[in-house]
Structure formats: C-alpha cells, structure tokens
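*Asks:* protein_35.cif (mmCIF, C-alpha atoms and all ligand atoms) pasted underneath:
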```cif
data_final
loop_
_atom_site.label_atom_id
_atom_site.label_comp_id
_atom_site.auth_asym_id
_atom_site.auth_seq_id
_atom_site.Cartn_x
_atom_site.Cartn_y
_atom_site.Cartn_z
CA MET S 1 18.02 102.66 -45.84
CA SER S 2 17.69 105.73 -43.66
CA SER S 3 20.09 108.47 -44.60
CA LEU S 4 23.06 109.49 -42.54
CA LEU S 5 23.43 112.60 -44.69
CA ALA S 6 20.56 114.16 -46.59
CA VAL S 7 21.13 117.16 -48.81
CA ARG S 8 17.81 118.55 -50.03
CA GLU S 9 17.34 121.27 -52.61
CA LEU S 10 20.71 122.85 -51.92
CA TYR S 11 21.37 126.17 -53.59
CA VAL S 12 24.68 127.99 -53.43
CA LYS S 13 24.72 131.56 -54.67
CA VAL S 14 27.17 134.41 -54.90
CA ALA S 15 25.17 137.64 -55.00
CA ASP S 16 22.35 136.65 -57.37
CA ARG S 17 24.45 134.18 -59.33
CA VAL S 18 23.43 130.54 -58.89
CA LEU S 19 26.38 128.15 -58.60
CA VAL S 20 24.64 125.08 -57.16
CA ASP S 21 21.10 124.75 -58.40
CA GLY S 22 18.86 122.62 -56.22
CA VAL S 23 21.04 119.59 -55.49
CA SER S 24 19.52 116.70 -53.55
CA VAL S 25 21.63 113.72 -52.58
CA THR S 26 21.60 111.26 -49.70
CA VAL S 27 24.22 108.96 -48.22
CA GLY S 28 23.15 106.04 -46.04
CA ALA S 29 25.08 104.41 -43.21
CA ALA S 30 28.06 102.47 -44.59
CA GLU S 31 27.06 103.51 -48.09
CA SER S 32 29.36 104.97 -50.75
CA VAL S 33 27.88 107.53 -53.10
CA GLY S 34 29.63 109.16 -56.04
CA LEU S 35 29.03 112.72 -57.19
CA VAL S 36 30.27 112.83 -60.77
CA GLY S 37 30.50 115.64 -63.28
CA GLU S 38 32.81 117.77 -65.37
CA SER S 39 34.88 120.54 -63.86
CA GLY S 40 32.74 123.47 -62.72
CA SER S 41 29.56 121.47 -62.27
CA GLY S 42 29.33 122.33 -58.57
CA LYS S 43 30.70 119.18 -56.91
CA SER S 44 33.21 120.86 -54.60
CA LEU S 45 30.78 123.60 -53.59
CA THR S 46 28.21 120.95 -52.70
CA ILE S 47 30.71 119.30 -50.38
CA LYS S 48 31.90 122.59 -48.94
CA ALA S 49 28.29 123.57 -48.26
CA ALA S 50 27.69 120.21 -46.56
CA MET S 51 30.57 121.01 -44.21
CA ARG S 52 29.59 124.66 -43.89
CA LEU S 53 32.97 125.58 -45.29
CA LEU S 54 31.89 127.78 -48.20
CA PRO S 55 34.23 130.62 -49.12
CA ARG S 56 33.23 134.06 -47.92
CA GLY S 57 30.51 135.66 -50.02
CA LEU S 58 28.86 132.38 -50.99
CA LYS S 59 25.49 131.63 -49.45
CA ALA S 60 23.87 128.24 -49.08
CA SER S 61 20.14 127.59 -48.75
CA GLY S 62 18.10 124.42 -48.64
CA GLU S 63 18.52 121.64 -46.16
CA ILE S 64 21.51 119.61 -45.04
CA VAL S 65 20.74 117.06 -42.35
CA PHE S 66 23.37 114.84 -40.77
CA ASP S 67 21.94 112.21 -38.44
CA GLY S 68 19.08 114.49 -37.50
CA GLN S 69 21.24 117.58 -37.11
CA ASP S 70 20.41 120.52 -39.36
CA VAL S 71 23.87 121.56 -40.53
CA LEU S 72 22.91 124.90 -42.08
CA THR S 73 21.38 126.17 -38.83
CA SER S 74 23.82 124.52 -36.39
CA SER S 75 25.44 126.62 -33.71
CA ARG S 76 29.15 127.24 -33.75
CA LYS S 77 29.66 124.61 -31.07
CA GLU S 78 27.57 121.96 -32.84
CA LEU S 79 29.37 122.74 -36.05
CA ALA S 80 32.79 122.32 -34.46
CA ARG S 81 31.77 118.90 -33.18
CA TYR S 82 30.30 117.94 -36.55
CA ARG S 83 33.42 118.92 -38.48
CA ALA S 84 35.87 117.50 -35.99
CA GLY S 85 34.13 114.24 -35.23
CA ASP S 86 31.16 113.29 -37.42
CA VAL S 87 32.60 113.95 -40.84
CA GLY S 88 36.04 114.08 -42.42
CA LEU S 89 37.19 115.84 -45.57
CA ILE S 90 39.90 114.84 -48.00
CA HIS S 91 40.83 117.47 -50.56
CA GLN S 92 42.12 117.13 -54.08
CA ASP S 93 45.42 118.86 -53.46
CA PRO S 94 46.88 118.05 -50.04
CA ARG S 95 49.60 120.69 -50.30
CA ALA S 96 47.08 123.48 -50.67
CA HIS S 97 45.38 122.43 -47.43
CA ILE S 98 48.21 121.88 -45.04
CA ASN S 99 50.15 124.51 -43.15
CA PRO S 100 53.76 124.19 -44.39
CA SER S 101 55.22 125.51 -41.15
CA ARG S 102 53.72 122.85 -38.88
CA THR S 103 54.83 119.26 -38.49
CA ILE S 104 52.85 116.31 -39.75
CA GLY S 105 52.25 115.29 -36.14
CA GLN S 106 50.83 118.67 -35.21
CA PHE S 107 48.62 118.69 -38.28
CA VAL S 108 47.24 115.20 -37.79
CA THR S 109 46.57 115.43 -34.06
CA GLU S 110 45.41 119.02 -33.54
CA GLY S 111 41.72 118.36 -34.32
CA VAL S 112 41.17 115.56 -31.82
CA VAL S 113 43.26 117.28 -29.15
CA ASP S 114 41.56 120.69 -29.58
CA THR S 115 38.12 119.14 -29.25
CA GLY S 116 39.15 117.13 -26.20
CA GLN S 117 38.54 113.76 -27.86
CA MET S 118 42.05 112.59 -27.02
CA THR S 119 45.02 113.74 -25.00
CA ALA S 120 48.10 114.71 -26.99
CA ALA S 121 49.75 111.40 -26.09
CA GLN S 122 46.71 109.33 -27.08
CA ALA S 123 46.42 111.25 -30.33
CA ARG S 124 50.07 110.64 -31.24
CA GLU S 125 49.78 106.96 -30.50
CA ALA S 126 46.53 106.59 -32.47
CA ALA S 127 47.96 108.62 -35.35
CA CYS S 128 51.07 106.45 -35.54
CA ALA S 129 48.97 103.29 -35.56
CA LEU S 130 46.75 104.68 -38.32
CA MET S 131 49.81 105.78 -40.30
CA ARG S 132 51.08 102.23 -40.23
CA ASP S 133 47.64 101.01 -41.37
CA VAL S 134 47.75 103.25 -44.43
CA GLY S 135 51.25 102.13 -45.30
CA ILE S 136 53.31 105.02 -43.98
CA GLY S 137 56.50 103.41 -42.78
CA ASP S 138 58.51 104.94 -40.00
CA ALA S 139 55.51 106.75 -38.57
CA GLU S 140 57.34 108.16 -35.54
CA ARG S 141 59.88 109.92 -37.72
CA ARG S 142 57.22 111.19 -40.13
CA MET S 143 55.38 112.86 -37.26
CA HIS S 144 58.35 115.21 -36.82
CA GLN S 145 58.71 116.03 -40.49
CA TYR S 146 57.27 118.96 -42.43
CA PRO S 147 54.92 118.72 -45.42
CA HIS S 148 57.61 119.64 -47.96
CA GLN S 149 59.61 116.57 -46.91
CA LEU S 150 56.84 114.22 -48.05
CA SER S 151 55.84 113.20 -51.57
CA GLY S 152 52.33 114.00 -52.80
CA GLY S 153 51.20 110.41 -52.37
CA LEU S 154 52.53 110.25 -48.83
CA LEU S 155 51.00 113.59 -47.98
CA GLN S 156 47.60 112.42 -49.20
CA ARG S 157 47.93 109.39 -46.92
CA VAL S 158 48.60 111.83 -44.09
CA MET S 159 45.42 113.64 -45.07
CA ILE S 160 43.55 110.36 -44.92
CA VAL S 161 44.95 109.70 -41.45
CA ALA S 162 43.96 113.21 -40.30
CA ALA S 163 40.43 112.73 -41.65
CA LEU S 164 40.03 109.28 -40.08
CA LEU S 165 41.60 109.88 -36.67
CA PRO S 166 38.47 111.26 -34.99
CA GLY S 167 36.51 108.22 -36.23
CA PRO S 168 34.05 110.07 -38.48
CA ARG S 169 31.00 108.25 -39.77
CA LEU S 170 31.13 109.99 -43.14
CA ILE S 171 34.09 110.91 -45.31
CA PHE S 172 33.83 113.56 -48.01
CA ALA S 173 36.53 112.84 -50.58
CA ASP S 174 36.90 115.56 -53.22
CA GLU S 175 38.93 114.17 -56.13
CA PRO S 176 41.29 112.59 -53.57
CA THR S 177 43.66 111.13 -56.15
CA THR S 178 43.38 113.55 -59.08
CA ALA S 179 46.45 115.60 -58.12
CA LEU S 180 48.66 112.55 -57.56
CA ASP S 181 51.01 110.75 -59.94
CA VAL S 182 49.17 108.01 -61.79
CA THR S 183 51.44 105.39 -60.25
CA VAL S 184 50.22 106.17 -56.74
CA GLN S 185 46.60 107.03 -57.55
CA SER S 186 45.21 103.53 -57.33
CA GLU S 187 47.28 102.75 -54.24
CA VAL S 188 45.93 105.76 -52.35
CA MET S 189 42.40 105.02 -53.55
CA ALA S 190 42.65 101.43 -52.34
CA ILE S 191 43.91 102.54 -48.92
CA LEU S 192 41.13 105.06 -48.55
CA LEU S 193 38.48 102.52 -49.50
CA GLU S 194 39.87 99.89 -47.20
CA GLN S 195 39.79 102.28 -44.26
CA ILE S 196 36.23 103.33 -45.06
CA GLN S 197 34.83 99.86 -45.69
CA ASP S 198 36.57 98.09 -42.82
CA GLN S 199 35.13 100.55 -40.35
CA GLY S 200 31.67 100.70 -41.94
CA ARG S 201 31.99 104.40 -42.68
CA SER S 202 30.02 106.24 -45.34
CA LEU S 203 31.61 107.98 -48.29
CA LEU S 204 30.62 110.84 -50.54
CA PHE S 205 33.12 110.59 -53.34
CA VAL S 206 33.50 113.49 -55.75
CA THR S 207 35.17 112.95 -59.10
CA HIS S 208 35.06 113.81 -62.80
CA ASP S 209 35.94 110.15 -63.50
CA LEU S 210 32.75 108.16 -64.02
CA ASP S 211 34.55 104.83 -64.31
CA LEU S 212 36.44 105.30 -61.08
CA ALA S 213 33.29 106.44 -59.29
CA ALA S 214 31.33 103.46 -60.58
CA ALA S 215 34.03 101.09 -59.43
CA VAL S 216 34.11 102.33 -55.85
CA THR S 217 30.56 103.41 -55.03
CA ASP S 218 27.11 101.87 -54.50
CA ARG S 219 25.17 104.73 -56.03
CA LEU S 220 25.96 107.61 -58.35
CA ALA S 221 24.60 111.10 -58.84
CA VAL S 222 25.60 112.77 -62.11
CA MET S 223 25.93 116.55 -62.00
CA TYR S 224 25.71 119.04 -64.79
CA ALA S 225 25.66 122.85 -64.49
CA GLY S 226 25.07 122.81 -60.75
CA THR S 227 22.26 120.30 -60.81
CA ILE S 228 21.82 116.54 -60.62
CA VAL S 229 20.59 115.10 -63.89
CA GLU S 230 20.56 111.41 -63.05
CA THR S 231 20.95 109.10 -60.07
CA GLY S 232 20.97 105.35 -59.74
CA ARG S 233 22.82 102.30 -58.58
CA SER S 234 26.33 102.57 -59.98
CA GLU S 235 26.34 99.46 -62.12
CA GLU S 236 22.84 100.08 -63.51
CA LEU S 237 23.56 103.69 -64.30
CA CYS S 238 26.69 102.80 -66.27
CA ALA S 239 25.17 99.79 -67.99
CA ARG S 240 22.08 101.70 -69.01
CA PRO S 241 22.26 105.48 -68.70
CA LEU S 242 18.92 107.26 -68.94
CA HIS S 243 20.17 110.80 -69.38
CA PRO S 244 21.91 111.82 -72.63
CA TYR S 245 24.62 113.57 -70.59
CA THR S 246 25.46 110.40 -68.67
CA ALA S 247 25.50 108.49 -71.93
CA GLY S 248 27.85 111.12 -73.38
CA LEU S 249 30.19 110.84 -70.41
CA LEU S 250 30.27 107.08 -70.86
CA ARG S 251 31.04 107.33 -74.57
CA SER S 252 33.77 109.89 -74.05
CA ARG S 253 35.93 107.77 -71.74
CA PRO S 254 38.56 105.34 -72.94
CA SER S 255 37.54 101.73 -72.76
CA THR S 256 39.93 99.11 -71.47
CA THR S 257 38.04 96.28 -73.15
CA GLN S 258 37.00 97.73 -76.49
CA VAL S 259 38.84 99.55 -79.22
CA ARG S 260 36.64 102.35 -80.49
CA ARG S 261 36.69 106.00 -81.32
CA LEU S 262 36.22 108.33 -78.39
CA GLU S 263 33.29 110.64 -78.80
CA ALA S 264 33.68 113.90 -76.97
CA ILE S 265 30.50 115.66 -75.92
CA PRO S 266 30.25 118.65 -78.28
CA GLY S 267 30.41 122.15 -76.82
CA ARG S 268 31.64 123.13 -73.39
CA PRO S 269 30.15 122.62 -69.97
CA ILE S 270 28.26 125.63 -68.66
CA ALA S 271 27.88 127.03 -65.15
CA ALA S 272 24.54 127.00 -63.36
CA TYR S 273 24.08 130.75 -63.83
CA GLU S 274 24.39 130.37 -67.60
CA VAL S 275 21.40 128.04 -67.83
CA GLY S 276 18.32 129.60 -69.40
CA THR S 277 14.77 128.46 -68.78
CA GLY S 278 15.18 125.09 -70.48
CA CYS S 279 17.17 121.95 -69.82
CA PRO S 280 20.74 122.79 -68.73
CA PHE S 281 22.10 120.23 -71.21
CA SER S 282 19.94 121.29 -74.17
CA GLY S 283 22.73 123.28 -75.84
CA ARG S 284 24.94 120.18 -76.16
CA CYS S 285 22.41 117.38 -76.43
CA ALA S 286 21.89 115.49 -79.69
CA PHE S 287 18.26 114.87 -78.80
CA THR S 288 17.19 118.43 -78.01
CA GLU S 289 13.79 119.52 -79.26
CA ASP S 290 11.81 122.72 -78.75
CA ARG S 291 10.41 121.71 -75.39
CA CYS S 292 13.92 121.08 -74.02
CA ARG S 293 14.98 124.64 -74.82
CA ILE S 294 11.94 126.16 -73.15
CA GLU S 295 10.98 124.03 -70.19
CA ARG S 296 13.28 122.80 -67.48
CA PRO S 297 12.82 119.05 -66.92
CA ALA S 298 12.10 118.10 -63.30
CA ARG S 299 13.92 115.16 -61.77
CA ARG S 300 11.54 112.21 -61.70
CA GLU S 301 11.56 108.52 -61.07
CA LEU S 302 12.07 106.10 -63.92
CA GLU S 303 13.00 102.43 -63.60
CA GLY S 304 13.60 102.90 -59.89
CA ARG S 305 16.13 105.63 -60.65
CA GLU S 306 15.89 109.36 -61.06
CA VAL S 307 16.40 111.34 -64.22
CA ALA S 308 15.84 114.92 -65.32
CA CYS S 309 15.14 114.61 -69.05
CA HIS S 310 11.87 115.23 -70.90
CA ARG S 311 12.66 112.52 -73.39
CA ALA S 312 14.07 109.84 -71.10
CA GLU S 313 11.36 107.24 -71.88
CA GLU S 314 11.54 107.53 -75.64
CA LEU S 315 15.34 107.78 -75.65
CA ARG S 316 16.20 105.01 -73.26
CA GLU S 317 16.83 102.49 -75.99
CA CYS S 318 19.07 104.77 -78.04
CA VAL S 319 21.13 106.86 -75.63
CA SER S 320 23.17 104.02 -74.22
N1 LIG W 1 34.45 131.32 -54.47
C1 LIG W 1 33.75 131.33 -55.62
N2 LIG W 1 33.23 132.49 -56.11
C2 LIG W 1 32.53 132.49 -57.27
N3 LIG W 1 32.31 131.40 -58.04
C3 LIG W 1 32.81 130.23 -57.60
C4 LIG W 1 33.55 130.13 -56.38
N4 LIG W 1 33.94 128.84 -56.23
C5 LIG W 1 33.45 128.17 -57.29
N5 LIG W 1 32.79 129.00 -58.12
C6 LIG W 1 32.09 128.64 -59.38
O1 LIG W 1 31.07 127.71 -59.04
C7 LIG W 1 30.96 126.70 -60.02
C8 LIG W 1 31.11 125.34 -59.36
O2 LIG W 1 32.40 125.21 -58.81
P1 LIG W 1 32.94 123.87 -58.14
O3 LIG W 1 31.95 123.39 -57.14
O4 LIG W 1 34.31 124.16 -57.65
O5 LIG W 1 32.98 122.86 -59.37
P2 LIG W 1 33.59 121.39 -59.47
O6 LIG W 1 34.10 121.00 -58.13
O7 LIG W 1 32.46 120.53 -59.94
O8 LIG W 1 34.68 121.48 -60.50
C9 LIG W 1 32.02 126.99 -61.07
O9 LIG W 1 31.40 127.68 -62.12
C10 LIG W 1 33.00 127.88 -60.34
O10 LIG W 1 33.64 128.76 -61.21
MG MG W 2 36.05 120.52 -57.57
#
```
Give the structure from the file, written as structure tokens.
Ligand SMILES: Nc1ncnc2c1ncn2[C@@H]1O[C@H](COP(=O)(O)OP(=O)(O)O)[C@@H](O)[C@H]1O
Ligand SMILES: [Mg+2]

*Replies:*
Amino acid sequence: MSSLLAVRELYVKVADRVLVDGVSVTVGAAESVGLVGESGSGKSLTIKAAMRLLPRGLKASGEIVFDGQDVLTSSRKELARYRAGDVGLIHQDPRAHINPSRTIGQFVTEGVVDTGQMTAAQAREAACALMRDVGIGDAERRMHQYPHQLSGGLLQRVMIVAALLPGPRLIFADEPTTALDVTVQSEVMAILLEQIQDQGRSLLFVTHDLDLAAAVTDRLAVMYAGTIVETGRSEELCARPLHPYTAGLLRSRPSTTQVRRLEAIPGRPIAAYEVGTGCPFSGRCAFTEDRCRIERPARRELEGREVACHRAEELRECVS
C-alpha cells in the first residue's frame, strides 16, 4: 500500500534536548494506525510535528510527506491548505482547544469558510447535517450555543464535526476519549470510527491504551522514550509481541477474559533525552544484558514486522 502519510526519521528537539528520537511511521489510504505508549513517550509531539503545530521553541527535523507534499518545508499557503483540508486533528481535551467566547457554529464553520471551501450558508448546512450524523440532536440550536453549555462528550462530538467538515483524508486523533467520562468514551469512539471508515479516511490514533488501539486499528507502532520500539499488524503484535516493552504493556493491562495478577512494568518511563547510549528500555527490561546497556538496537525486520531489540529472536518464545 502506498502511504498517504510518511513520517521518516522525525526528531523533535528543544535546544539540544531530544524529545522525539527518530520516529518513522506511515499511514496508508483508508488505513488506521495506532501510536501507543506511556505518557511522555512523544506521541503528541509526533502528531503536532506532522501538522507543523509544534509549540514555540521546539524544532522538528526529518521528513514528513503527505501525498507527495513535504510538510516540513511547505510554504505558509500550502500549510494552510494542508491543515484546513487534507488533515484533521482531534485533541484529548476539547475544552482546552476551543475558544470559550465563540459559538459552536462559529468554531465549526470558520475553517472551511476562511479557506473559501464553502460559503457561510453551505458550511452551516453541512455542519448541521454532520452534527446529526454524530448524534447531536437539535443541531440548529447547538450552533448558537457556547462551549460551556455543552457536556464534554458533546463537545468532543463537536470537535469531530469540526475536524471532518472539510473532508480530510487523514484524521489525527490524540487520545480523543481519554478526558471523557467512561460512560461516553465508547460512544464517542464508535462515532469517530464510523465517520472515518464510512468515508474511507485514514486515521493516526494516539493512545496509551494498547487494547483500545488494537481494537480500532490495522497496524500499531509502540513508542518508548521518543522512539518506536515495535510495529506490526495490530492483532499479531498483541498476540505475539516481539519487544519486551510491548509484552510488558500487554501484561500490565486488565484482562476481561482472564483473572490474573496485573504485572506493572518496574521503574518509570523515561524521556528521550534521558536515554544513554544503549537501549532506551534497558533500565526496566527483565532481559537486559551488557550489550543492551551499551549499544542502541536498530529497528529491524523480524517475522514481517519491525522491532528494536537485540534479543528479539532468542526472546520471542518467552516474552509473550
Ligand atoms: N513544549 C515543550 N517543551 C519541552 N518539553 C516538552 C514540550 N512538550 C512536551 N515536552 C516533553 O516531550 C516529551 C514527549 O511529550 P508528548 O509528546 O506530549 O508525550 P505523550 O503525548 O506521549 O504523552 C515529554 O517528556 C514532555 O515532557
Ligand atoms: Mg499526549
């Protein structure tokens, strides 16, 4: 499958501190890919870099190509078109990303109107139709309301509408349900997936929840300390992890089918700039040997997947 989005050897740095350490990930047309890792592993920065929305002071290098367009070297005009039409972004916390003094209608329609994709009237009509599709009743009235008048779940649906209205080919969803009440999480997730799959859009789904990611994506990339340690088809990766970190994540999550003790991964996650010369996971890994502490494992192919572990072959029978 040719890639719609290709991120190659992405580095994000602040001064000389590395925050994202050589991430490569691709998303094909109509494909859903999950970027999974603990908090601080660099997932959000990867997405922000892919949209050229990094906070001031952070610098990205490497290559980000969307349908042939080099995002990191795009002009202001190309970038505006890319952000407003090609890709859409759904944040973790909708309230932190919406202007409280503007109405829902203004928020949802401003992008497509500003870029000339739709007239204000067309945008309102399309927005109302999409609101009904995502289960927002009384769309006309909602358009005149302010963010504080909507619940978190409803506001995240509004975010989904805003992201989808321009008809983007790729949606970046950064923990889109993490900040919501558990009762509405699965509802919002289902609505998002339906909208993406029905329209054949691509998805880059960021989450700390490996089970959720596996359930909704075709492929997974597991991140640790700013780098990708393992990639593979979602079901294969979960059934048979090749990297000890992936195996640890799988053992540390509650099972709905088995009663067993949860095993937390010992130690704490580290940031990319805290990694020494060796394997980023060596300080927490039960299988670490001298080589792992000294030499950084390159990502390489194994069983049609990719893994960055010196001992992947010898460990594959015992990590999972
Ligand atoms: N604006 C920033 N300035 C400096 N460090 C940052 C900034 N944003 C994020 N970081 C650091 O970069 C690392 C990755 O952050 P992030 O991508 O937000 O992680 P994740 O989304 O996986 O939880 C973390 O160590 C975080 O503290
Ligand atoms: Mg994040």

*Asks:* Using only C-alpha atoms, list the residues that have an atom at most 9 Å from (36.9, 106.3, -41.1), coordinates as in the file, as a CSV table (one decimal) with C-alpha atoms, in the coordinates of the input.

*Replies:*
```csv
chain,number,residue,atom,x,y,z
S,87,VAL,CA,32.6,114.0,-40.8
S,88,GLY,CA,36.0,114.1,-42.4
S,160,ILE,CA,43.6,110.4,-44.9
S,161,VAL,CA,45.0,109.7,-41.4
S,163,ALA,CA,40.4,112.7,-41.6
S,164,LEU,CA,40.0,109.3,-40.1
S,165,LEU,CA,41.6,109.9,-36.7
S,166,PRO,CA,38.5,111.3,-35.0
S,167,GLY,CA,36.5,108.2,-36.2
S,168,PRO,CA,34.0,110.1,-38.5
S,169,ARG,CA,31.0,108.2,-39.8
S,170,LEU,CA,31.1,110.0,-43.1
S,171,ILE,CA,34.1,110.9,-45.3
S,192,LEU,CA,41.1,105.1,-48.6
S,195,GLN,CA,39.8,102.3,-44.3
S,196,ILE,CA,36.2,103.3,-45.1
S,197,GLN,CA,34.8,99.9,-45.7
S,198,ASP,CA,36.6,98.1,-42.8
S,199,GLN,CA,35.1,100.6,-40.4
S,200,GLY,CA,31.7,100.7,-41.9
S,201,ARG,CA,32.0,104.4,-42.7
S,202,SER,CA,30.0,106.2,-45.3
```

*Asks:* Identify the residues around (54.6, 115.3, -39.9) within a radius of 6 Å, measuring from all atoms listed in the file in the coordinates stated by the file, and give them as number ranges by chain.

*Replies:* S: 103-105, 142-146

*Asks:* Save the residues we just selected, C-alpha atoms, as a short mmCIF file (atom, residue, chain, number, x, y, z; two decimals), keeping the file's coordinate frame?

*Replies:*
```cif
data_model
loop_
_atom_site.label_atom_id
_atom_site.label_comp_id
_atom_site.auth_asym_id
_atom_site.auth_seq_id
_atom_site.Cartn_x
_atom_site.Cartn_y
_atom_site.Cartn_z
CA THR S 103 54.83 119.26 -38.49
CA ILE S 104 52.85 116.31 -39.75
CA GLY S 105 52.25 115.29 -36.14
CA ARG S 142 57.22 111.19 -40.13
CA MET S 143 55.38 112.86 -37.26
CA HIS S 144 58.35 115.21 -36.82
CA GLN S 145 58.71 116.03 -40.49
CA TYR S 146 57.27 118.96 -42.43
#
```

*Asks:* Counting only C-alpha atoms and all ligand atoms, which residue out of S:Ala96, S:Val134, S:Ala6, S:Leu45 sits closest to ligand MG 2 (chain W)?

*Replies:*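 Closest candidate: S:Leu45.
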
*Asks:* Report as an NGL selection string all protein, DNA and RNA residues lying within 8 Å of S:Phe172, evaluated on all atoms listed in the file, omitting residues in the same chain fewer than 3 positions from it.

*Replies:* :S and (47 or 87-90 or 203-206)

*Asks:* Could you check which of S:Ala173, S:Val158, S:Ala247, S:Cys318 is closest to ligand MG 2 (chain W), using all atoms listed in the file?

*Replies:*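 Checking each candidate against ligand MG 2 (chain W), we get S:Ala173 as the closest.
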
*Asks:* Which of these residues is nearest to S:Asp138, using only C-alpha atoms: S:Val307, S:Ala215, S:Val188, S:Leu154?

*Replies:*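 So, comparing all the options, the nearest one is S:Leu154.
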
*Asks:* Between chain S and ligand MG 2 (chain W), at 8 Å or less, what are the per-residue closest atom pairs and their distances in Å? Count all atoms listed in the file, order by chain and rising residue number, and return it as JSON lines.

*Replies:*
```
{"residue": "S:Ser39", "atom": "CA", "partner": "W:MG2", "partner_atom": "MG", "distance": 6.4}
{"residue": "S:Gly40", "atom": "CA", "partner": "W:MG2", "partner_atom": "MG", "distance": 6.8}
{"residue": "S:Gly42", "atom": "CA", "partner": "W:MG2", "partner_atom": "MG", "distance": 7.0}
{"residue": "S:Lys43", "atom": "CA", "partner": "W:MG2", "partner_atom": "MG", "distance": 5.6}
{"residue": "S:Ser44", "atom": "CA", "partner": "W:MG2", "partner_atom": "MG", "distance": 4.1}
{"residue": "S:Leu45", "atom": "CA", "partner": "W:MG2", "partner_atom": "MG", "distance": 7.3}
{"residue": "S:Gln92", "atom": "CA", "partner": "W:MG2", "partner_atom": "MG", "distance": 7.8}
{"residue": "S:Asp174", "atom": "CA", "partner": "W:MG2", "partner_atom": "MG", "distance": 6.7}
{"residue": "S:Glu175", "atom": "CA", "partner": "W:MG2", "partner_atom": "MG", "distance": 7.1}
{"residue": "S:Val206", "atom": "CA", "partner": "W:MG2", "partner_atom": "MG", "distance": 7.7}
{"residue": "S:Thr207", "atom": "CA", "partner": "W:MG2", "partner_atom": "MG", "distance": 7.8}
```

*Asks:* Selected residues, C-alpha atoms, written as a PDB file, in the frame of the given file, please.

*Replies:*
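Produced file selection37.pdb, reproduced below:
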```
ATOM      1  CA  SER S  39      34.880 120.540 -63.860  1.00  0.00           C
ATOM      2  CA  GLY S  40      32.740 123.470 -62.720  1.00  0.00           C
ATOM      3  CA  GLY S  42      29.330 122.330 -58.570  1.00  0.00           C
ATOM      4  CA  LYS S  43      30.700 119.180 -56.910  1.00  0.00           C
ATOM      5  CA  SER S  44      33.210 120.860 -54.600  1.00  0.00           C
ATOM      6  CA  LEU S  45      30.780 123.600 -53.590  1.00  0.00           C
ATOM      7  CA  GLN S  92      42.120 117.130 -54.080  1.00  0.00           C
ATOM      8  CA  ASP S 174      36.900 115.560 -53.220  1.00  0.00           C
ATOM      9  CA  GLU S 175      38.930 114.170 -56.130  1.00  0.00           C
ATOM     10  CA  VAL S 206      33.500 113.490 -55.750  1.00  0.00           C
ATOM     11  CA  THR S 207      35.170 112.950 -59.100  1.00  0.00           C
TER      12      THR S 207
END
```

*Asks:* Considering all atoms listed in the file, can you say which of S:Pro241, S:Pro147, S:Gly28, S:Pro254 comes closest to S:Ala312?

*Replies:*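 Under the stated criterion, the closest residue is S:Pro241.
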